[in-house]
Each structure stands twice: as structure tokens, then as C-alpha cells.
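Participant: This one is target.txt, compact mmCIF, C-alpha atoms.
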```txt
# COMPACT_ATOMS: atom_id res chain seq x y z
CA MET U 117 63.96 113.66 130.01
CA ALA U 118 67.20 115.17 128.76
CA VAL U 119 66.91 116.69 125.27
CA THR U 120 70.11 117.89 123.62
CA ARG U 121 70.56 119.55 120.24
CA VAL U 122 73.66 119.34 118.06
CA SER U 123 73.72 121.59 114.99
CA VAL U 124 75.39 119.86 112.06
CA GLU U 125 76.77 121.60 109.00
CA VAL U 126 75.28 119.95 105.94
CA GLU U 127 74.29 120.73 102.38
CA THR U 128 70.82 122.19 102.81
CA ARG U 129 68.61 124.88 101.30
CA ALA U 130 67.83 126.12 104.83
CA PRO U 131 69.31 129.60 105.47
CA THR U 132 71.19 128.35 108.54
CA GLY U 133 73.31 125.92 106.51
CA GLN U 134 72.83 123.45 109.34
CA THR U 135 70.42 120.74 110.46
CA ASN U 136 69.66 120.09 114.11
CA ALA U 137 70.14 116.54 115.36
CA TYR U 138 68.56 115.72 118.73
CA VAL U 139 69.40 113.13 121.36
CA LEU U 140 66.42 112.29 123.57
CA GLY U 141 66.84 110.47 126.87
CA SER U 142 69.69 108.12 127.71
CA ASP U 143 70.65 104.48 128.33
CA PRO U 144 69.30 103.94 125.69
CA ALA U 145 68.69 107.27 123.93
CA LEU U 146 66.85 108.10 120.72
CA LEU U 147 68.85 109.96 118.06
CA VAL U 148 66.67 112.01 115.69
CA ASP U 149 67.74 113.46 112.34
CA PRO U 150 71.48 112.72 112.23
CA ALA U 151 72.22 114.69 109.08
CA ALA U 152 75.98 114.11 109.19
CA ARG U 153 78.57 112.65 111.50
CA THR U 154 80.50 115.09 113.71
CA ASP U 155 82.80 114.83 116.70
CA ASP U 156 80.27 116.56 118.95
CA LEU U 157 77.45 114.27 117.91
CA ASP U 158 79.72 111.21 118.20
CA ALA U 159 80.62 112.16 121.77
CA LEU U 160 77.01 112.85 122.77
CA ALA U 161 75.73 109.63 121.18
CA THR U 162 78.34 107.64 123.09
CA ASP U 163 77.78 109.46 126.37
CA ARG U 164 74.02 108.98 126.24
CA ASP U 165 74.21 105.43 124.82
CA VAL U 166 72.13 105.80 121.67
CA GLY U 167 69.97 102.73 121.15
CA HIS U 168 67.43 104.03 118.63
CA VAL U 169 67.69 106.12 115.46
CA ALA U 170 64.76 107.81 113.68
CA VAL U 171 64.10 110.78 111.42
CA THR U 172 61.32 113.32 111.13
CA HIS U 173 61.29 112.84 107.33
CA HIS U 174 63.42 111.52 104.51
CA HIS U 175 64.91 114.67 102.96
CA PRO U 176 68.68 114.39 102.38
CA ASP U 177 69.58 117.14 104.84
CA HIS U 178 68.07 115.08 107.71
CA VAL U 179 69.20 111.52 107.03
CA GLY U 180 72.85 111.60 105.93
CA ALA U 181 74.36 109.79 108.92
CA VAL U 182 71.56 107.37 109.84
CA ALA U 183 73.59 104.41 108.58
CA ASP U 184 76.75 105.54 110.41
CA TYR U 185 75.13 105.94 113.81
CA ALA U 186 72.99 102.84 113.48
CA ALA U 187 76.10 100.77 112.78
CA ALA U 188 78.30 102.46 115.39
CA HIS U 189 75.79 101.87 118.18
CA ASP U 190 74.04 98.72 116.96
CA ALA U 191 70.89 100.83 117.25
CA THR U 192 67.31 99.95 116.38
CA VAL U 193 66.39 101.88 113.25
CA TRP U 194 62.80 103.15 113.01
CA ALA U 195 60.76 104.28 109.99
CA ARG U 196 57.20 105.42 109.37
CA THR U 197 54.72 102.61 108.76
CA GLY U 198 54.15 102.28 105.02
CA ARG U 199 57.31 104.23 104.20
CA ALA U 200 60.00 101.62 104.84
CA GLU U 201 61.06 101.39 101.19
CA SER U 202 61.44 105.15 100.75
CA PHE U 203 63.30 105.29 104.09
CA GLU U 204 65.75 102.65 102.91
CA ALA U 205 66.21 104.44 99.60
CA ALA U 206 66.97 107.69 101.44
CA THR U 207 69.25 106.28 104.16
CA GLY U 208 70.70 103.06 102.77
CA VAL U 209 69.40 101.24 105.84
CA GLU U 210 66.53 98.79 106.09
CA PRO U 211 64.51 99.76 109.18
CA ASP U 212 64.26 97.30 112.06
CA ARG U 213 60.89 98.56 113.26
CA THR U 214 58.13 100.90 112.13
CA PHE U 215 56.08 103.47 113.99
CA ALA U 216 52.71 105.15 113.53
CA GLU U 217 50.80 107.92 115.26
CA GLY U 218 51.02 107.36 119.01
CA THR U 219 53.84 104.80 118.95
CA ALA U 220 56.04 105.08 122.04
CA ILE U 221 59.78 104.60 121.54
CA GLU U 222 61.19 103.66 124.92
CA THR U 223 64.33 105.32 126.22
CA GLY U 224 65.96 104.84 129.58
CA ASP U 225 64.34 108.09 130.72
CA GLY U 226 60.83 107.30 129.51
CA PRO U 227 58.87 107.13 126.26
CA VAL U 228 59.12 109.35 123.20
CA GLN U 229 55.75 109.54 121.43
CA VAL U 230 55.36 109.78 117.66
CA VAL U 231 53.08 112.59 116.43
CA ASP U 232 51.90 112.65 112.81
CA THR U 233 52.73 116.02 111.21
CA PRO U 234 52.59 115.48 107.43
CA GLY U 235 52.67 118.26 104.87
CA HIS U 236 56.28 119.29 104.34
CA ALA U 237 56.76 115.64 103.37
CA PRO U 238 54.17 112.85 103.34
CA GLU U 239 56.01 110.80 105.99
CA HIS U 240 56.77 113.76 108.27
CA VAL U 241 56.41 113.15 112.01
CA GLY U 242 57.32 114.85 115.26
CA PHE U 243 58.64 113.32 118.48
CA ALA U 244 57.01 114.43 121.73
CA VAL U 245 58.70 114.17 125.12
CA ASP U 246 58.16 115.21 128.69
CA GLY U 247 61.06 117.56 129.19
CA GLY U 248 60.86 117.58 132.99
CA GLU U 249 61.47 121.04 134.43
CA ASP U 250 61.69 122.43 130.89
CA GLY U 251 58.18 121.18 130.10
CA ALA U 252 56.79 119.20 127.19
CA ALA U 253 58.73 119.45 123.94
CA LEU U 254 58.09 118.49 120.33
CA VAL U 255 60.97 117.76 117.99
CA CYS U 256 59.17 119.12 114.95
CA GLY U 257 61.59 118.74 112.02
CA ASP U 258 60.59 121.02 109.15
CA LEU U 259 57.07 121.70 110.38
CA ALA U 260 58.08 125.06 111.86
CA VAL U 261 60.94 127.50 112.31
CA ALA U 262 61.43 130.37 114.71
CA GLU U 263 61.78 132.91 111.89
CA GLY U 264 60.71 132.80 108.26
CA SER U 265 58.86 129.82 106.84
CA VAL U 266 59.45 126.32 105.52
CA VAL U 267 58.96 125.05 101.99
CA VAL U 268 55.87 123.00 101.26
CA GLY U 269 56.38 122.29 97.59
CA ALA U 270 54.84 119.99 95.00
CA PRO U 271 54.99 117.19 94.19
CA ALA U 272 55.67 115.79 97.69
CA GLY U 273 54.43 118.72 99.74
CA ASP U 274 50.74 118.84 100.69
CA LEU U 275 49.36 122.21 101.84
CA ARG U 276 46.12 120.78 103.21
CA ALA U 277 48.03 118.32 105.38
CA TYR U 278 50.57 120.98 106.39
CA LEU U 279 47.92 123.42 107.61
CA THR U 280 46.23 120.62 109.56
CA SER U 281 49.55 119.75 111.20
CA LEU U 282 50.13 123.38 112.21
CA ARG U 283 46.63 123.57 113.68
CA ARG U 284 47.27 120.36 115.58
CA VAL U 285 50.47 121.69 117.13
CA HIS U 286 48.72 124.95 117.98
CA ALA U 287 46.05 122.93 119.83
CA MET U 288 48.65 120.73 121.56
CA GLY U 289 50.55 123.78 122.77
CA PRO U 290 53.80 122.12 123.88
CA ASP U 291 56.15 124.20 125.99
CA ARG U 292 58.88 123.99 123.35
CA LEU U 293 59.19 123.38 119.64
CA LEU U 294 62.55 121.98 118.57
CA PRO U 295 62.91 122.60 114.81
CA GLY U 296 65.14 120.93 112.29
CA HIS U 297 66.79 124.26 111.50
CA GLY U 298 67.49 127.24 113.72
CA PRO U 299 66.74 127.95 117.38
CA SER U 300 64.05 126.48 119.59
CA VAL U 301 60.66 128.14 120.07
CA GLU U 302 59.49 128.39 123.66
CA GLY U 303 56.53 129.41 125.81
CA ALA U 304 53.88 131.65 124.31
CA ALA U 305 55.93 131.82 121.10
CA VAL U 306 54.97 128.20 120.29
CA ARG U 307 51.35 129.01 119.52
CA GLU U 308 52.34 132.40 118.10
CA THR U 309 54.69 130.65 115.66
CA ALA U 310 52.04 128.16 114.57
CA ALA U 311 49.57 131.01 114.07
CA ARG U 312 52.16 133.07 112.15
CA LEU U 313 52.94 130.20 109.78
CA LEU U 314 49.22 129.55 109.23
CA ALA U 315 48.63 133.22 108.47
CA HIS U 316 51.61 133.29 106.11
CA ARG U 317 50.29 130.34 104.11
CA LEU U 318 46.77 131.74 103.91
CA ASP U 319 48.09 135.13 102.80
CA ARG U 320 50.15 133.43 100.07
CA GLU U 321 47.03 131.54 99.03
CA ARG U 322 45.07 134.79 98.70
CA ARG U 323 47.79 136.22 96.47
CA ILE U 324 47.79 133.10 94.30
CA ARG U 325 44.01 133.12 93.92
CA ALA U 326 44.17 136.79 92.98
CA ALA U 327 46.84 136.08 90.37
CA VAL U 328 44.75 133.33 88.78
CA ALA U 329 41.65 135.54 88.84
CA ALA U 330 43.64 138.32 87.16
CA GLY U 331 44.50 136.03 84.26
CA ALA U 332 47.87 134.43 85.08
CA GLU U 333 48.09 131.32 82.91
CA THR U 334 51.22 129.53 84.13
CA VAL U 335 52.86 128.59 87.42
CA ALA U 336 55.69 130.98 86.53
CA GLY U 337 53.20 133.77 85.94
CA VAL U 338 51.40 133.12 89.22
CA THR U 339 54.74 133.06 91.03
CA ASP U 340 55.71 136.45 89.59
CA ALA U 341 52.41 137.92 90.77
CA ALA U 342 52.29 136.25 94.19
CA TYR U 343 55.80 137.09 95.42
CA GLU U 344 57.00 140.60 96.13
CA LYS U 345 60.70 139.81 96.48
CA ASP U 346 63.72 138.81 94.45
CA LEU U 347 63.55 135.05 93.90
CA SER U 348 67.12 134.64 92.69
CA GLY U 349 68.44 131.32 93.93
CA VAL U 350 65.07 130.15 95.26
CA ARG U 351 62.89 130.39 92.16
CA ASP U 352 62.47 126.60 91.98
CA LEU U 353 61.29 126.46 95.59
CA ALA U 354 58.84 129.32 95.06
CA GLU U 355 57.35 127.68 91.98
CA ALA U 356 57.04 124.33 93.78
CA THR U 357 55.25 126.13 96.62
CA VAL U 358 52.89 127.86 94.20
CA ARG U 359 52.08 124.55 92.53
CA ALA U 360 51.30 122.99 95.93
CA HIS U 361 48.93 125.87 96.68
CA LEU U 362 47.26 125.48 93.29
CA GLU U 363 46.80 121.75 93.87
CA LYS U 364 45.15 122.51 97.23
CA LEU U 365 42.82 125.03 95.61
CA ALA U 366 41.93 122.55 92.86
CA VAL U 367 41.10 119.81 95.39
CA GLU U 368 38.87 122.28 97.23
CA GLY U 369 37.14 123.28 93.99
CA ARG U 370 38.29 126.88 94.18
CA ILE U 371 40.12 126.76 90.87
CA ASP U 372 39.46 124.56 87.86
CA ARG U 373 41.66 121.46 87.63
CA ASP U 374 41.99 122.20 83.91
CA TRP U 375 44.13 125.19 84.89
CA LEU U 376 46.78 122.84 86.27
CA ARG U 377 46.56 120.50 83.30
CA ARG U 378 47.32 123.22 80.80
CA ASP U 379 50.39 124.58 82.61
```
When written as C-alpha cells, how does the structure in this file appear?

Facilitator:
Amino acid sequence: MAVTRVSVEVETRAPTGQTNAYVLGSDPALLVDPAARTDDLDALATDRDVGHVAVTHHHPDHVGAVADYAAAHDATVWARTGRAESFEAATGVEPDRTFAEGTAIETGDGPVQVVDTPGHAPEHVGFAVDGGEDGAALVCGDLAVAEGSVVVGAPAGDLRAYLTSLRRVHAMGPDRLLPGHGPSVEGAAVRETAARLLAHRLDRERRIRAAVAAGAETVAGVTDAAYEKDLSGVRDLAEATVRAHLEKLAVEGRIDRDWLRRD
């Protein structure tokens, strides 16, 4: 199955300043994560006869042109089961159909399978395809990036779910990961990337537990202790991440829930 990426400039907190839209298959094709309308994406969508539109999750930097492409191509619009209202609120479009884990969206080149990958957002999914000579691929949204890490921040982010999703992708071992931001991840680097992101999160968790044990009494205080870099411009994201870690630790009984209540 043909899989083509178009990088779209869009307002995003991602360092690239762009979101990757993907067109999977053809006649009809599935368009994933149209963040904005561009000439290149217009041409590709027309050439491949887009008949379906879906997103990995509902964040603004992934959904900005869902309505445009759905209308331009009279496409079937898909949303996660149980998330239709939040999808419509994010995109301005009422979905035509819903999907769940294992749903196959049929393109002219074969099925695209939905893979649950929550954590970065509660509705987050990936789209798995047989890439032919290029091997199996997973359009993974904001589950993973080739370099650095992704934000998993409270209140919507769920660290327990995110770590499970990373472990699942590590076990699946697709030949390629196709992220929402930045370059693809291929071959042995797929499992290495999943392992790196897992290790990064667990290391951050150790730092947060140490900060709490040392007497930090607020999210801001834990953030100061757990990060060893200048947080200018990203302080809000760091604190949201810390809160998500603290919520995970509270659920697991490794810190007292009263700690979160007093912050």
C-alpha cells in the first residue's frame, strides 16, 4: 500500500513547527491528520482520490483541515467510538462512522487497521498498514518521535496508558513508525525508539519520586527538582507532565493522594 507524508506548517508546540499528514492507499485513500490545507496536500488528495478522513487524536495541530478535506472530497469522516462529540467539537464535523480497536478502514489498496494507543490523549489511535516492499507501518501520531519525547500532560494525558501503548508498539515491532511530527523511524530503530521513550519516562518518574521524598510540596517545586534544563517557554508543559506522573504514582499507591489535593 502506498503511504505518503506531507508536512504541513501549523501552529504547534512541536519543535518542527509542522504536523505530518498521511495519505494511505488510493481509490479511495485514507487521509490521516490533515492539520491544515496546502497545495501539496490538495494535489495528493486529488491524485489518490481521498475517500476517508480520520485523525490520530483531537489536538488542534492535527485536525485543522478535517472539515475542508471532508467537504472537498465528499469523504467518509471517522472518529473514535465514544468520542464523537469531542471529535465534532475539535473539527466542526459530525463523524459519519466510528472505529474501535481492530476496525478495518477499506482503501482501494487494502485495509488500514485501527490500533488503540491512548496516553498522549485518551482517544489516541494509530493506523497500521501493510506497506508492501517497505514493510508494515504504523502511523503513530504523537505516540513517538524519532528524537526527543512527546508531552503526556494532565489533565488529558495518562502516563499508565501511554507506557502500555509504547510497550504494545515495542511488541508489535512494525517495520516503520510514521510520527505526527518529524521524520519516520525505521528498522531496528522502531523498537529502540519505543525502549528509549519508556526509559525516559521511567527516569523522569524516578526524579519526581525523589523530589517528593526530599520534601517538595508543590507541582512547581517538583518540576524544579525533576528537570535539569531551562524550562523557559515550556514550563506549562513540564508542569502538566509532572502532574500526570504524580497522578500515576497516586493511582499506584506510591505517593499519597493527599499530596495532590493540597497542591

Participant: Anything within 12 Å of (78.8, 98.5, 118.9): list those residues as a ChimeraX atom specification, counting only C-alpha atoms and sticking to the file's coordinates.

Facilitator: /U:161-162,165-167,184-192

Participant: Enter the distance from CA of Leu313 in chain U to CA of Ser265 in chain U, in Å, rounded to one decimal.

Facilitator: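 That distance, rounded to one decimal, is 6.6 Å.
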
Participant: Would you tabulate, counting only C-alpha atoms, all residues of range 207-268 of chain U that have an atom at most 12 Å from an atom of range 315-334 of chain U, showing the closest pair of atoms and their distance in Å to one decimal, sorted by chain then ascending number, as JSON lines?

Facilitator:
```
{"residue": "U:Ala260", "atom": "CA", "partner": "U:His316", "partner_atom": "CA", "distance": 11.9}
{"residue": "U:Glu263", "atom": "CA", "partner": "U:His316", "partner_atom": "CA", "distance": 11.7}
{"residue": "U:Gly264", "atom": "CA", "partner": "U:His316", "partner_atom": "CA", "distance": 9.4}
{"residue": "U:Ser265", "atom": "CA", "partner": "U:His316", "partner_atom": "CA", "distance": 8.1}
{"residue": "U:Val266", "atom": "CA", "partner": "U:Arg317", "partner_atom": "CA", "distance": 10.1}
{"residue": "U:Val267", "atom": "CA", "partner": "U:Arg317", "partner_atom": "CA", "distance": 10.4}
{"residue": "U:Val268", "atom": "CA", "partner": "U:Arg317", "partner_atom": "CA", "distance": 9.7}
```

Participant: Go through U:Ala262, U:Ala220, U:Leu314, U:Val241 one by one, measure the shortest atom-to-atom distance of each to Leu293 in chain U using all atoms listed in the file, and give the residue with the smallest value.

Facilitator: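 Of the candidates, the smallest distance to Leu293 in chain U is held by U:Ala262.
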
Participant: In terms of the shortest atom-to-atom distance over all atoms listed in the file, which of U:Asp232, U:Glu355, U:Asp155, U:Glu363 is closest to Thr339 in chain U?

Facilitator: U:Glu355

Participant: For Val255 in chain U, which residue out of U:Glu239, U:Asp346, U:Asp149, U:Glu222 is the nearest one, using only C-alpha atoms?

Facilitator: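 The answer is U:Asp149, which sits nearest to Val255 in chain U.
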
Participant: Go through range 265-348 of chain U residue by residue and, counting all atoms listed in the file, keep those with an atom at most 10 Å from range 120-138 of chain U; for each kept residue give the shortest atom pair and its distance in Å to one decimal, ordered by chain and increasing number, as CSV.

Facilitator:
```
residue,atom,partner,partner_atom,distance
U:Ser265,CA,U:Ala130,CA,9.9
U:Val266,CA,U:Ala130,CA,8.4
U:Val267,CA,U:Ala130,CA,9.4
U:Leu294,CA,U:Arg121,CA,8.5
U:Pro295,CA,U:Asn136,CA,7.2
U:Gly296,CA,U:Asn136,CA,4.9
U:His297,CA,U:Thr135,CA,5.2
U:Gly298,CA,U:Thr132,CA,6.5
U:Pro299,CA,U:Asn136,CA,9.0
U:Ser300,CA,U:Arg121,CA,9.5
```

Participant: In Å, rounded to a single decimal, give me how far CA of Gly198 in chain U is from CA of Arg292 in chain U.

Facilitator: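 Atom-to-atom, CA of Arg292 in chain U and CA of Gly198 in chain U are spaced 28.8 Å apart.
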
Participant: Which distance in Å separates CA of Leu157 in chain U and CA of Val182 in chain U, to one decimal?

Facilitator: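 Here the two named atoms are 12.1 Å from each other.
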
Participant: Could you check which of U:Leu362, U:Ala270, U:Ala342, U:Val148 is closest to Cys256 in chain U, using all atoms listed in the file?

Facilitator: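 Residue with the minimum atom-to-atom distance to Cys256 in chain U: U:Val148.
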
Participant: Would you pick out the contacts of Val230 in chain U at 8 Å or less, using all atoms listed in the file, so that residues sharing its chain but fewer than 5 positions from it are not included, and give the list as an MDAnalysis selection string?

Facilitator: chainID U and resid 215:221 241:244

Participant: Measuring between only C-alpha atoms, which one of U:Arg359, U:Lys345, U:Arg164, U:Arg351 shows the shortest distance to Asp225 in chain U?

Facilitator: U:Arg164

Participant: Find, counting only C-alpha atoms, the residue in U:Gly180, U:Gly226, U:Gly349, U:Pro234 that gets nearest to Leu279 in chain U.

Facilitator: U:Pro234

Participant: Set the distance at 10 Å and use only C-alpha atoms: which residues neighbour Ala305 in chain U once local chain neighbours fewer than 2 positions away are removed? I'd like the list as a PyMOL selection string.

Facilitator: chain U and resi 262+289+291-293+300-303+307-312

Participant: Residues as selected, C-alpha atoms, written as an mmCIF file, in the frame of the given file, can you do that?

Facilitator:
```cif
data_model
loop_
_atom_site.group_PDB
_atom_site.id
_atom_site.type_symbol
_atom_site.label_atom_id
_atom_site.label_comp_id
_atom_site.auth_asym_id
_atom_site.auth_seq_id
_atom_site.Cartn_x
_atom_site.Cartn_y
_atom_site.Cartn_z
ATOM 1 C CA ALA U 262 61.430 130.370 114.710
ATOM 2 C CA GLY U 289 50.550 123.780 122.770
ATOM 3 C CA ASP U 291 56.150 124.200 125.990
ATOM 4 C CA ARG U 292 58.880 123.990 123.350
ATOM 5 C CA LEU U 293 59.190 123.380 119.640
ATOM 6 C CA SER U 300 64.050 126.480 119.590
ATOM 7 C CA VAL U 301 60.660 128.140 120.070
ATOM 8 C CA GLU U 302 59.490 128.390 123.660
ATOM 9 C CA GLY U 303 56.530 129.410 125.810
ATOM 10 C CA ARG U 307 51.350 129.010 119.520
ATOM 11 C CA GLU U 308 52.340 132.400 118.100
ATOM 12 C CA THR U 309 54.690 130.650 115.660
ATOM 13 C CA ALA U 310 52.040 128.160 114.570
ATOM 14 C CA ALA U 311 49.570 131.010 114.070
ATOM 15 C CA ARG U 312 52.160 133.070 112.150
#
```

Participant: Residues within 10 Å of Gly247 in chain U, please, as an MDAnalysis selection string. Count only C-alpha atoms; anything in the same chain fewer than 6 positions from it doesn't count.

Facilitator: chainID U and resid 117:119 140:141 253:254 291:292

Participant: Do you know which residues are at most 6 Å from Pro211 in chain U counting only C-alpha atoms, after dropping those on the same chain fewer than 5 positions away, and could you put them as a list in words?

Facilitator: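 The residues satisfying every condition are Val193, Trp194 and Ala195 of chain U.
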
Participant: Using all atoms listed in the file, determine which residues lie at most 7 Å from His178 in chain U, disregarding the query and same-chain residues fewer than 3 positions distant; provide the list as a ChimeraX atom specification.

Facilitator: /U:135,149-151,171,174-175

Participant: Could you get me a file of range 162-188 of chain U with N, CA and C atoms, as a CSV table (one decimal), in the first residue's frame, taken from the block above?

Facilitator:
```csv
chain,number,residue,atom,x,y,z
U,162,THR,N,-6.2,14.7,-4.3
U,162,THR,CA,-7.0,14.6,-5.5
U,162,THR,C,-6.4,13.4,-6.3
U,163,ASP,N,-5.1,13.3,-6.4
U,163,ASP,CA,-4.4,12.3,-7.2
U,163,ASP,C,-4.8,10.9,-6.7
U,164,ARG,N,-4.9,10.8,-5.3
U,164,ARG,CA,-5.1,9.4,-4.7
U,164,ARG,C,-6.6,9.2,-4.4
U,165,ASP,N,-7.4,10.2,-4.7
U,165,ASP,CA,-8.9,10.0,-4.5
U,165,ASP,C,-9.2,9.7,-3.1
U,166,VAL,N,-9.0,10.7,-2.2
U,166,VAL,CA,-9.3,10.5,-0.8
U,166,VAL,C,-10.8,10.2,-0.6
U,167,GLY,N,-11.1,9.2,0.1
U,167,GLY,CA,-12.5,8.8,0.3
U,167,GLY,C,-12.8,8.7,1.8
U,168,HIS,N,-11.8,8.8,2.7
U,168,HIS,CA,-11.9,8.7,4.1
U,168,HIS,C,-11.0,9.7,4.8
U,169,VAL,N,-11.5,10.3,5.9
U,169,VAL,CA,-10.6,11.2,6.7
U,169,VAL,C,-10.7,10.7,8.1
U,170,ALA,N,-9.6,10.7,8.8
U,170,ALA,CA,-9.5,10.3,10.2
U,170,ALA,C,-8.4,11.0,10.9
U,171,VAL,N,-8.3,11.0,12.2
U,171,VAL,CA,-7.2,11.6,12.9
U,171,VAL,C,-6.7,10.7,14.0
U,172,THR,N,-5.5,10.8,14.4
U,172,THR,CA,-4.9,10.0,15.5
U,172,THR,C,-5.5,10.5,16.8
U,173,HIS,N,-5.7,11.8,16.9
U,173,HIS,CA,-6.3,12.4,18.2
U,173,HIS,C,-6.8,13.8,17.9
U,174,HIS,N,-7.4,14.4,18.8
U,174,HIS,CA,-8.2,15.6,18.6
U,174,HIS,C,-7.4,16.9,18.8
U,175,HIS,N,-6.1,16.9,19.1
U,175,HIS,CA,-5.4,18.1,19.4
U,175,HIS,C,-5.5,19.1,18.2
U,176,PRO,N,-5.5,20.4,18.4
U,176,PRO,CA,-5.7,21.3,17.3
U,176,PRO,C,-4.7,21.2,16.2
U,177,ASP,N,-3.4,20.8,16.5
U,177,ASP,CA,-2.4,20.8,15.5
U,177,ASP,C,-2.5,19.5,14.6
U,178,HIS,N,-3.6,18.7,14.8
U,178,HIS,CA,-3.8,17.5,13.9
U,178,HIS,C,-5.1,17.6,13.2
U,179,VAL,N,-6.0,18.5,13.5
U,179,VAL,CA,-7.3,18.4,13.0
U,179,VAL,C,-7.8,19.6,12.2
U,180,GLY,N,-7.0,20.6,11.9
U,180,GLY,CA,-7.4,21.9,11.4
U,180,GLY,C,-8.1,21.8,10.1
U,181,ALA,N,-7.8,20.9,9.2
U,181,ALA,CA,-8.4,20.9,7.9
U,181,ALA,C,-9.3,19.6,7.6
U,182,VAL,N,-9.7,19.0,8.7
U,182,VAL,CA,-10.6,17.8,8.5
U,182,VAL,C,-11.9,18.3,7.8
U,183,ALA,N,-12.5,19.4,8.2
U,183,ALA,CA,-13.7,19.8,7.5
U,183,ALA,C,-13.5,20.1,6.1
U,184,ASP,N,-12.4,20.8,5.8
U,184,ASP,CA,-12.1,21.2,4.4
U,184,ASP,C,-12.0,20.0,3.5
U,185,TYR,N,-11.2,19.0,3.9
U,185,TYR,CA,-10.9,17.8,3.0
U,185,TYR,C,-12.1,16.9,3.0
U,186,ALA,N,-12.9,16.8,4.0
U,186,ALA,CA,-14.1,16.0,4.0
U,186,ALA,C,-15.1,16.6,3.0
U,187,ALA,N,-15.2,17.9,3.0
U,187,ALA,CA,-16.2,18.6,2.1
U,187,ALA,C,-15.7,18.5,0.7
U,188,ALA,N,-14.4,18.7,0.4
U,188,ALA,CA,-13.8,18.8,-0.9
U,188,ALA,C,-13.9,17.4,-1.6
```
